[in-house]
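Student: Here you go, this is model.txt (compact mmCIF, C-alpha atoms).
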```
# COMPACT_ATOMS: atom_id res chain seq x y z
CA MET A 24 21.20 116.15 47.91
CA ALA A 25 23.47 113.12 47.90
CA ALA A 26 25.33 114.47 50.93
CA VAL A 27 22.05 115.09 52.75
CA ARG A 28 20.84 111.59 51.96
CA GLY A 29 24.16 110.20 53.20
CA ARG A 30 23.85 112.03 56.50
CA LEU A 31 20.24 110.89 56.90
CA SER A 32 21.21 107.31 56.22
CA GLY A 33 23.96 107.62 58.85
CA VAL A 34 21.42 108.90 61.36
CA GLY A 35 19.16 106.01 60.47
CA PHE A 36 21.90 103.53 61.36
CA VAL A 37 22.63 105.23 64.69
CA LEU A 38 19.03 105.97 65.71
CA PRO A 39 18.08 102.42 66.83
CA ALA A 40 21.11 102.27 69.13
CA VAL A 41 20.28 105.69 70.59
CA VAL A 42 16.66 104.69 71.19
CA PHE A 43 17.79 101.44 72.80
CA LEU A 44 20.18 103.27 75.17
CA VAL A 45 17.49 105.79 76.10
CA LEU A 46 15.00 103.05 76.89
CA VAL A 47 17.28 100.76 78.89
CA PHE A 48 19.51 103.35 80.59
CA LEU A 49 18.27 106.92 80.57
CA VAL A 50 14.59 106.25 81.37
CA PRO A 51 15.35 103.96 84.36
CA LEU A 52 17.96 106.46 85.58
CA VAL A 53 15.41 109.28 85.51
CA ARG A 54 12.97 107.00 87.32
CA VAL A 55 15.52 106.25 90.03
CA LEU A 56 16.30 109.97 90.38
CA SER A 57 12.61 110.77 90.78
CA LEU A 58 12.21 108.01 93.36
CA SER A 59 15.17 109.28 95.40
CA LEU A 60 13.57 112.72 95.72
CA HIS A 61 10.39 111.46 97.41
CA PRO A 62 10.08 111.15 101.20
CA VAL A 63 8.34 108.10 102.64
CA ASP A 64 5.65 107.63 105.26
CA GLY A 65 5.87 105.41 108.33
CA ALA A 66 5.17 102.32 106.27
CA GLY A 67 7.94 103.15 103.78
CA ASN A 68 5.59 104.21 100.99
CA PRO A 69 6.80 107.14 98.81
CA LEU A 70 4.88 110.38 99.27
CA PRO A 71 4.00 112.69 96.36
CA GLU A 72 6.04 115.72 97.51
CA PHE A 73 9.74 116.15 96.73
CA SER A 74 12.51 116.32 99.33
CA LEU A 75 16.27 115.86 99.75
CA VAL A 76 15.84 113.98 103.01
CA GLN A 77 17.03 110.71 101.45
CA TYR A 78 20.34 112.26 100.42
CA GLN A 79 20.67 113.81 103.87
CA ARG A 80 20.32 110.33 105.34
CA VAL A 81 22.96 108.94 102.97
CA PHE A 82 25.56 111.45 104.16
CA SER A 83 24.52 111.87 107.79
CA GLU A 84 23.87 108.26 108.84
CA THR A 85 27.00 106.24 109.49
CA PHE A 86 25.30 103.12 108.15
CA PHE A 87 25.38 104.62 104.64
CA SER A 88 28.34 107.03 104.72
CA GLN A 89 30.67 104.38 106.11
CA ALA A 90 29.63 102.06 103.28
CA LEU A 91 30.52 104.70 100.69
CA VAL A 92 33.96 105.22 102.25
CA ARG A 93 34.60 101.48 102.50
CA SER A 94 33.49 100.97 98.88
CA PHE A 95 36.00 103.59 97.76
CA GLN A 96 38.77 102.00 99.82
CA THR A 97 37.93 98.54 98.53
CA SER A 98 37.80 99.70 94.91
CA PHE A 99 41.14 101.45 95.21
CA LEU A 100 42.73 98.38 96.81
CA VAL A 101 41.23 95.96 94.28
CA THR A 102 42.34 98.18 91.37
CA ALA A 103 45.89 98.31 92.74
CA LEU A 104 45.96 94.53 93.20
CA CYS A 105 44.60 93.94 89.69
CA LEU A 106 47.32 96.17 88.24
CA ALA A 107 50.05 94.51 90.31
CA LEU A 108 48.89 91.01 89.39
CA GLY A 109 47.74 91.72 85.85
CA TYR A 110 50.74 93.69 84.58
CA PRO A 111 53.22 90.77 84.72
CA VAL A 112 50.69 88.48 83.04
CA ALA A 113 50.00 91.05 80.33
CA TYR A 114 53.74 91.62 79.87
CA ALA A 115 54.29 87.89 79.41
CA LEU A 116 51.39 87.67 76.95
CA SER A 117 52.77 90.56 74.91
CA ARG A 118 56.23 88.95 74.68
CA VAL A 119 55.07 85.48 73.66
CA ARG A 120 55.41 84.99 69.92
CA THR A 121 54.49 81.31 69.63
CA GLY A 122 50.94 81.09 68.33
CA VAL A 123 49.89 77.98 70.25
CA LEU A 124 51.32 79.14 73.58
CA ARG A 125 49.90 82.64 73.15
CA THR A 126 46.46 81.22 72.37
CA LEU A 127 46.62 78.91 75.37
CA MET A 128 47.55 81.79 77.68
CA PHE A 129 44.71 83.92 76.31
CA VAL A 130 42.26 81.08 76.88
CA ILE A 131 43.45 80.75 80.49
CA VAL A 132 43.06 84.50 81.05
CA LEU A 133 39.69 84.86 79.35
CA SER A 134 38.08 81.59 80.46
CA PRO A 135 36.82 83.06 83.79
CA LEU A 136 34.75 85.55 81.79
CA LEU A 137 32.91 82.61 80.22
CA THR A 138 31.81 81.44 83.67
CA SER A 139 29.07 83.06 85.71
CA VAL A 140 30.26 85.39 88.43
CA VAL A 141 28.01 83.49 90.82
CA VAL A 142 29.84 80.24 90.05
CA ARG A 143 33.23 81.88 90.53
CA SER A 144 32.09 83.43 93.80
CA TYR A 145 30.77 80.10 95.08
CA GLY A 146 34.17 78.63 94.25
CA TRP A 147 35.66 80.95 96.86
CA VAL A 148 32.89 79.97 99.28
CA VAL A 149 33.95 76.34 98.90
CA LEU A 150 37.64 77.17 99.31
CA LEU A 151 37.30 79.48 102.33
CA SER A 152 34.56 77.76 104.32
CA ALA A 153 35.29 76.13 107.68
CA ASN A 154 35.63 72.74 105.94
CA GLY A 155 37.19 74.20 102.82
CA ALA A 156 40.56 73.43 101.27
CA VAL A 157 42.32 76.46 102.78
CA ASN A 158 41.28 75.72 106.36
CA ARG A 159 42.02 72.01 105.95
CA LEU A 160 45.51 72.94 104.75
CA LEU A 161 46.06 75.35 107.65
CA VAL A 162 44.88 72.82 110.25
CA GLY A 163 46.62 69.89 108.59
CA THR A 164 49.99 71.65 108.51
CA GLY A 165 49.64 72.77 112.13
CA ILE A 166 49.57 76.48 111.37
CA THR A 167 46.28 76.80 113.25
CA ASP A 168 44.56 74.55 115.77
CA GLN A 169 41.06 75.18 114.45
CA PRO A 170 39.47 76.53 111.26
CA LEU A 171 39.66 80.29 110.81
CA PRO A 172 36.60 82.43 109.96
CA LEU A 173 37.92 83.25 106.51
CA LEU A 174 34.62 83.20 104.67
CA THR A 175 33.06 86.26 106.28
CA SER A 176 36.23 88.36 106.47
CA TYR A 177 37.00 91.55 104.60
CA THR A 178 40.21 89.96 103.30
CA ALA A 179 38.18 87.23 101.61
CA VAL A 180 36.03 89.89 99.96
CA VAL A 181 39.07 91.71 98.57
CA ILE A 182 40.66 88.48 97.30
CA SER A 183 37.50 87.21 95.64
CA VAL A 184 36.63 90.56 94.03
CA THR A 185 40.20 90.87 92.74
CA HIS A 186 39.92 87.41 91.22
CA VAL A 187 36.63 88.25 89.52
CA LEU A 188 37.85 91.55 88.06
CA LEU A 189 41.44 90.59 87.19
CA PRO A 190 40.71 89.68 83.53
CA PHE A 191 39.29 93.18 82.97
CA ALA A 192 42.72 94.57 83.86
CA ILE A 193 44.77 92.06 81.89
CA ILE A 194 43.00 92.65 78.57
CA PRO A 195 43.72 96.41 78.15
CA LEU A 196 47.20 96.00 79.60
CA THR A 197 48.00 93.28 77.07
CA THR A 198 46.71 95.43 74.22
CA ALA A 199 48.85 98.39 75.28
CA LEU A 200 51.99 96.33 75.84
CA GLY A 201 51.51 94.43 72.61
CA GLY A 202 51.34 97.69 70.69
CA ILE A 203 54.82 98.80 71.78
CA ASP A 204 57.36 98.52 68.98
CA PRO A 205 60.01 95.99 70.11
CA HIS A 206 62.64 98.00 68.25
CA LEU A 207 62.28 100.68 70.93
CA ARG A 208 63.38 98.26 73.63
CA ARG A 209 66.29 97.07 71.54
CA ALA A 210 67.30 100.65 70.79
CA SER A 211 67.24 101.47 74.49
CA GLN A 212 69.41 98.48 75.32
CA SER A 213 71.83 99.26 72.48
CA LEU A 214 72.33 102.72 74.00
CA GLY A 215 73.48 101.17 77.26
CA ALA A 216 70.26 100.96 79.26
CA GLY A 217 69.74 97.81 81.29
CA ALA A 218 66.54 95.82 81.58
CA VAL A 219 65.23 97.81 84.54
CA ARG A 220 66.01 101.20 82.98
CA THR A 221 64.47 100.11 79.68
CA PHE A 222 61.32 99.07 81.48
CA THR A 223 60.99 102.28 83.53
CA ARG A 224 61.93 104.64 80.70
CA VAL A 225 60.38 102.90 77.67
CA THR A 226 57.92 100.09 78.43
CA LEU A 227 56.10 101.55 81.43
CA PRO A 228 55.48 105.05 79.97
CA LEU A 229 54.28 103.63 76.66
CA SER A 230 51.94 101.21 78.44
CA LEU A 231 50.32 104.02 80.44
CA PRO A 232 47.18 104.11 78.22
CA GLY A 233 46.61 100.46 79.08
CA VAL A 234 47.10 101.17 82.78
CA ALA A 235 44.61 104.03 82.56
CA ALA A 236 42.10 101.85 80.71
CA ALA A 237 42.47 99.07 83.26
CA CYS A 238 41.90 101.48 86.15
CA MET A 239 38.86 103.03 84.49
CA VAL A 240 37.31 99.59 83.96
CA VAL A 241 38.18 97.85 87.22
CA PHE A 242 37.52 100.74 89.60
CA PRO A 243 33.86 101.37 88.60
CA LEU A 244 33.13 97.64 88.57
CA ALA A 245 34.59 97.29 92.06
CA MET A 246 32.61 100.29 93.33
CA GLY A 247 29.27 98.74 92.43
CA ILE A 248 29.92 95.02 92.84
CA TYR A 249 27.68 93.24 95.34
CA ILE A 250 27.17 89.62 94.28
CA THR A 251 30.66 88.42 95.17
CA PRO A 252 30.88 90.32 98.50
CA LEU A 253 27.40 89.07 99.37
CA LEU A 254 28.27 85.42 98.78
CA VAL A 255 31.78 85.49 100.21
CA GLY A 256 31.56 88.11 102.95
CA GLY A 257 27.90 88.11 103.83
CA ALA A 258 25.27 90.85 103.81
CA ASN A 259 26.85 92.65 106.78
CA GLN A 260 29.90 93.83 104.85
CA PRO A 261 29.87 97.67 104.90
CA LEU A 262 29.82 98.19 101.12
CA ALA A 263 27.49 100.55 99.30
CA GLY A 264 26.28 97.91 96.86
CA LEU A 265 25.24 95.65 99.72
CA ARG A 266 23.55 98.55 101.48
CA VAL A 267 21.45 99.21 98.38
CA TYR A 268 20.66 95.50 98.17
CA SER A 269 19.56 95.32 101.82
CA GLN A 270 17.40 98.46 101.56
CA ILE A 271 15.54 96.94 98.61
CA THR A 272 15.21 93.31 99.71
CA SER A 273 14.97 93.62 103.50
CA VAL A 274 13.93 97.13 104.53
CA TYR A 275 11.88 97.93 101.38
CA ASP A 276 13.03 101.55 101.56
CA TYR A 277 13.25 102.19 97.83
CA PRO A 278 13.78 105.99 97.99
CA VAL A 279 16.88 105.77 100.18
CA ALA A 280 18.16 102.87 98.08
CA ALA A 281 17.73 105.04 94.99
CA ALA A 282 19.51 107.97 96.68
CA LEU A 283 22.40 105.75 97.76
CA SER A 284 22.76 104.17 94.32
CA LEU A 285 22.78 107.56 92.59
CA THR A 286 25.31 108.90 95.09
CA LEU A 287 27.48 105.88 94.40
CA LEU A 288 27.13 106.51 90.65
CA VAL A 289 28.13 110.17 90.95
CA LEU A 290 31.11 109.39 93.20
CA THR A 291 32.25 106.72 90.77
CA LEU A 292 32.04 109.10 87.81
CA VAL A 293 33.95 111.77 89.74
CA CYS A 294 36.69 109.29 90.68
CA VAL A 295 37.00 108.00 87.11
CA ALA A 296 37.15 111.56 85.76
CA ALA A 297 39.84 112.42 88.31
CA MET A 298 41.86 109.35 87.34
CA GLY A 299 41.55 110.23 83.66
CA ALA A 300 42.68 113.80 84.31
CA GLY A 301 45.61 112.54 86.38
CA PHE A 302 46.75 110.15 83.66
CA ARG A 303 46.47 112.85 81.00
CA PHE A 304 48.48 115.27 83.15
CA TRP A 305 51.18 112.66 83.72
CA GLU A 306 51.27 111.84 80.01
CA ARG A 307 51.57 115.50 78.98
CA ARG A 308 54.31 116.05 81.53
CA HIS A 309 56.17 112.97 80.33
CA ASP A 310 55.84 113.88 76.66
CA GLY A 311 56.64 117.41 77.04
```
Represent the structure of the file as structure tokens.
Tutor:
Amino acid sequence: MAAVRGRLSGVGFVLPAVVFLVLVFLVPLVRVLSLSLHPVDGAGNPLPEFSLVQYQRVFSETFFSQALVRSFQTSFLVTALCLALGYPVAYALSRVRTGVLRTLMFVIVLSPLLTSVVVRSYGWVVLLSANGAVNRLLVGTGITDQPLPLLTSYTAVVISVTHVLLPFAIIPLTTALGGIDPHLRRASQSLGAGAVRTFTRVTLPLSLPGVAAACMVVFPLAMGIYITPLLVGGANQPLAGLRVYSQITSVYDYPVAAALSLTLLVLTLVCVAAMGAGFRFWERRHDG
């Protein structure tokens, strides 16, 4: 009886969280799925019958399919940039032993997360506008004769999204690198391995869980992000998140917006699962 009561008490602790997740995630997801399966009339109002016409539009119309492809490309590029920029920072954080300096570096890394993403995105708007600091520097140094259209470019979108998501890569990388026993590096060097060989044979393989975690956090966030691209690149950027936004706020075609958002969700889950399987395969091959 005591064991039964213990299990029931455990269920009682978990039940509120389960109910909360069902209410705020599962129920809206089912609602979106139902909405995506309804055709619409000429005025854009959903009809009672069910149809897959919305999903056919998502894959057959270039306006939507191109956005899905570009979102995947952008997410892959942003993830790669976050790893390339975040790994050295995480490596430095993991090697710092001084408490004050380590705390200061963590504050610098984490402070952007304490600021609204809208504020950070508007910061890039100020920097990249025609009268912004970047164009003033380019014109003032004679590199260009007139301001460049940086603000609405795809490059600006990639840079700003990378800046917004970079802390999400640094945190798991720092955790993984900080968990590596420093004696392993010293043992490698005592056996004749140089700094580069020690890094490639010891540090990098042992930090792979952090790399995997960073990819699985940054990639989904980049797939669905729309606020930063909207502010920096404009609503015409061919990204799936912006297409969903425009269908809801401008076209008022909720069924196709629901179909596109669910397609984006499924593709994101498939990509994350593929990345996880790839990392596990590499890890098994390395260990064994």
Student: Compile the contact shell of segment 121-135 of chain A as a ChimeraX atom specification: residues with an atom at most 8 Å away, counting all atoms listed in the file, same-chain residues fewer than 5 positions apart removed.
Tutor: /A:116,143,187,190,193
Student: Taking all atoms listed in the file into account, which of A:Leu292, A:Leu229, A:Val42, A:Ala258 comes nearest Glu306 of chain A?
Tutor: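 Counting all atoms listed in the file, the residue closest to Glu306 of chain A is A:Leu229.
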Student: Mind pulling up the distance from atom CA of Ser139 of chain A to atom CA of Tyr275 of chain A?
Tutor: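 We find that atom CA of Tyr275 of chain A and atom CA of Ser139 of chain A lie 27.6 Å from each other.
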Student: Could you check the closest approach to Thr185 of chain A for each of A:Leu160, A:Ala153, A:Leu100, A:Val225 and tell me which residue wins, using all atoms listed in the file?
Tutor: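 Nearest candidate to Thr185 of chain A out of A:Leu160, A:Ala153, A:Leu100, A:Val225: A:Leu100.
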Student: Expressed in Å to a single decimal, how great is the separation between atom CA of Pro71 of chain A and atom CA of Ser83 of chain A?
Tutor: 23.5 Å
Student: Of the residues A:Val92, A:Leu151, A:Leu46, A:Leu56, which is the one nearest to Gln77 of chain A, using only C-alpha atoms?
Tutor: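 Comparing A:Val92, A:Leu151, A:Leu46, A:Leu56 against Gln77 of chain A, the winner is A:Leu56.
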Student: Excluding same-chain residues fewer than 2 positions from segment 202-205 of chain A, what lies within 10 Å of it counting all atoms listed in the file, as a list in words?
Tutor: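 Selected residues are Ser117, Arg118, Leu196, Thr197, Thr198, Ala199, Leu200, Leu207, Arg208, Arg209, Ala210, Val225, Thr226, Leu229 and Ser230 of chain A.
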Student: To one decimal in Å, tell me the separation between atom CA of Thr221 of chain A and atom CA of Met239 of chain A.
Tutor: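 Atom-to-atom, atom CA of Thr221 of chain A and atom CA of Met239 of chain A are spaced 26.2 Å apart.
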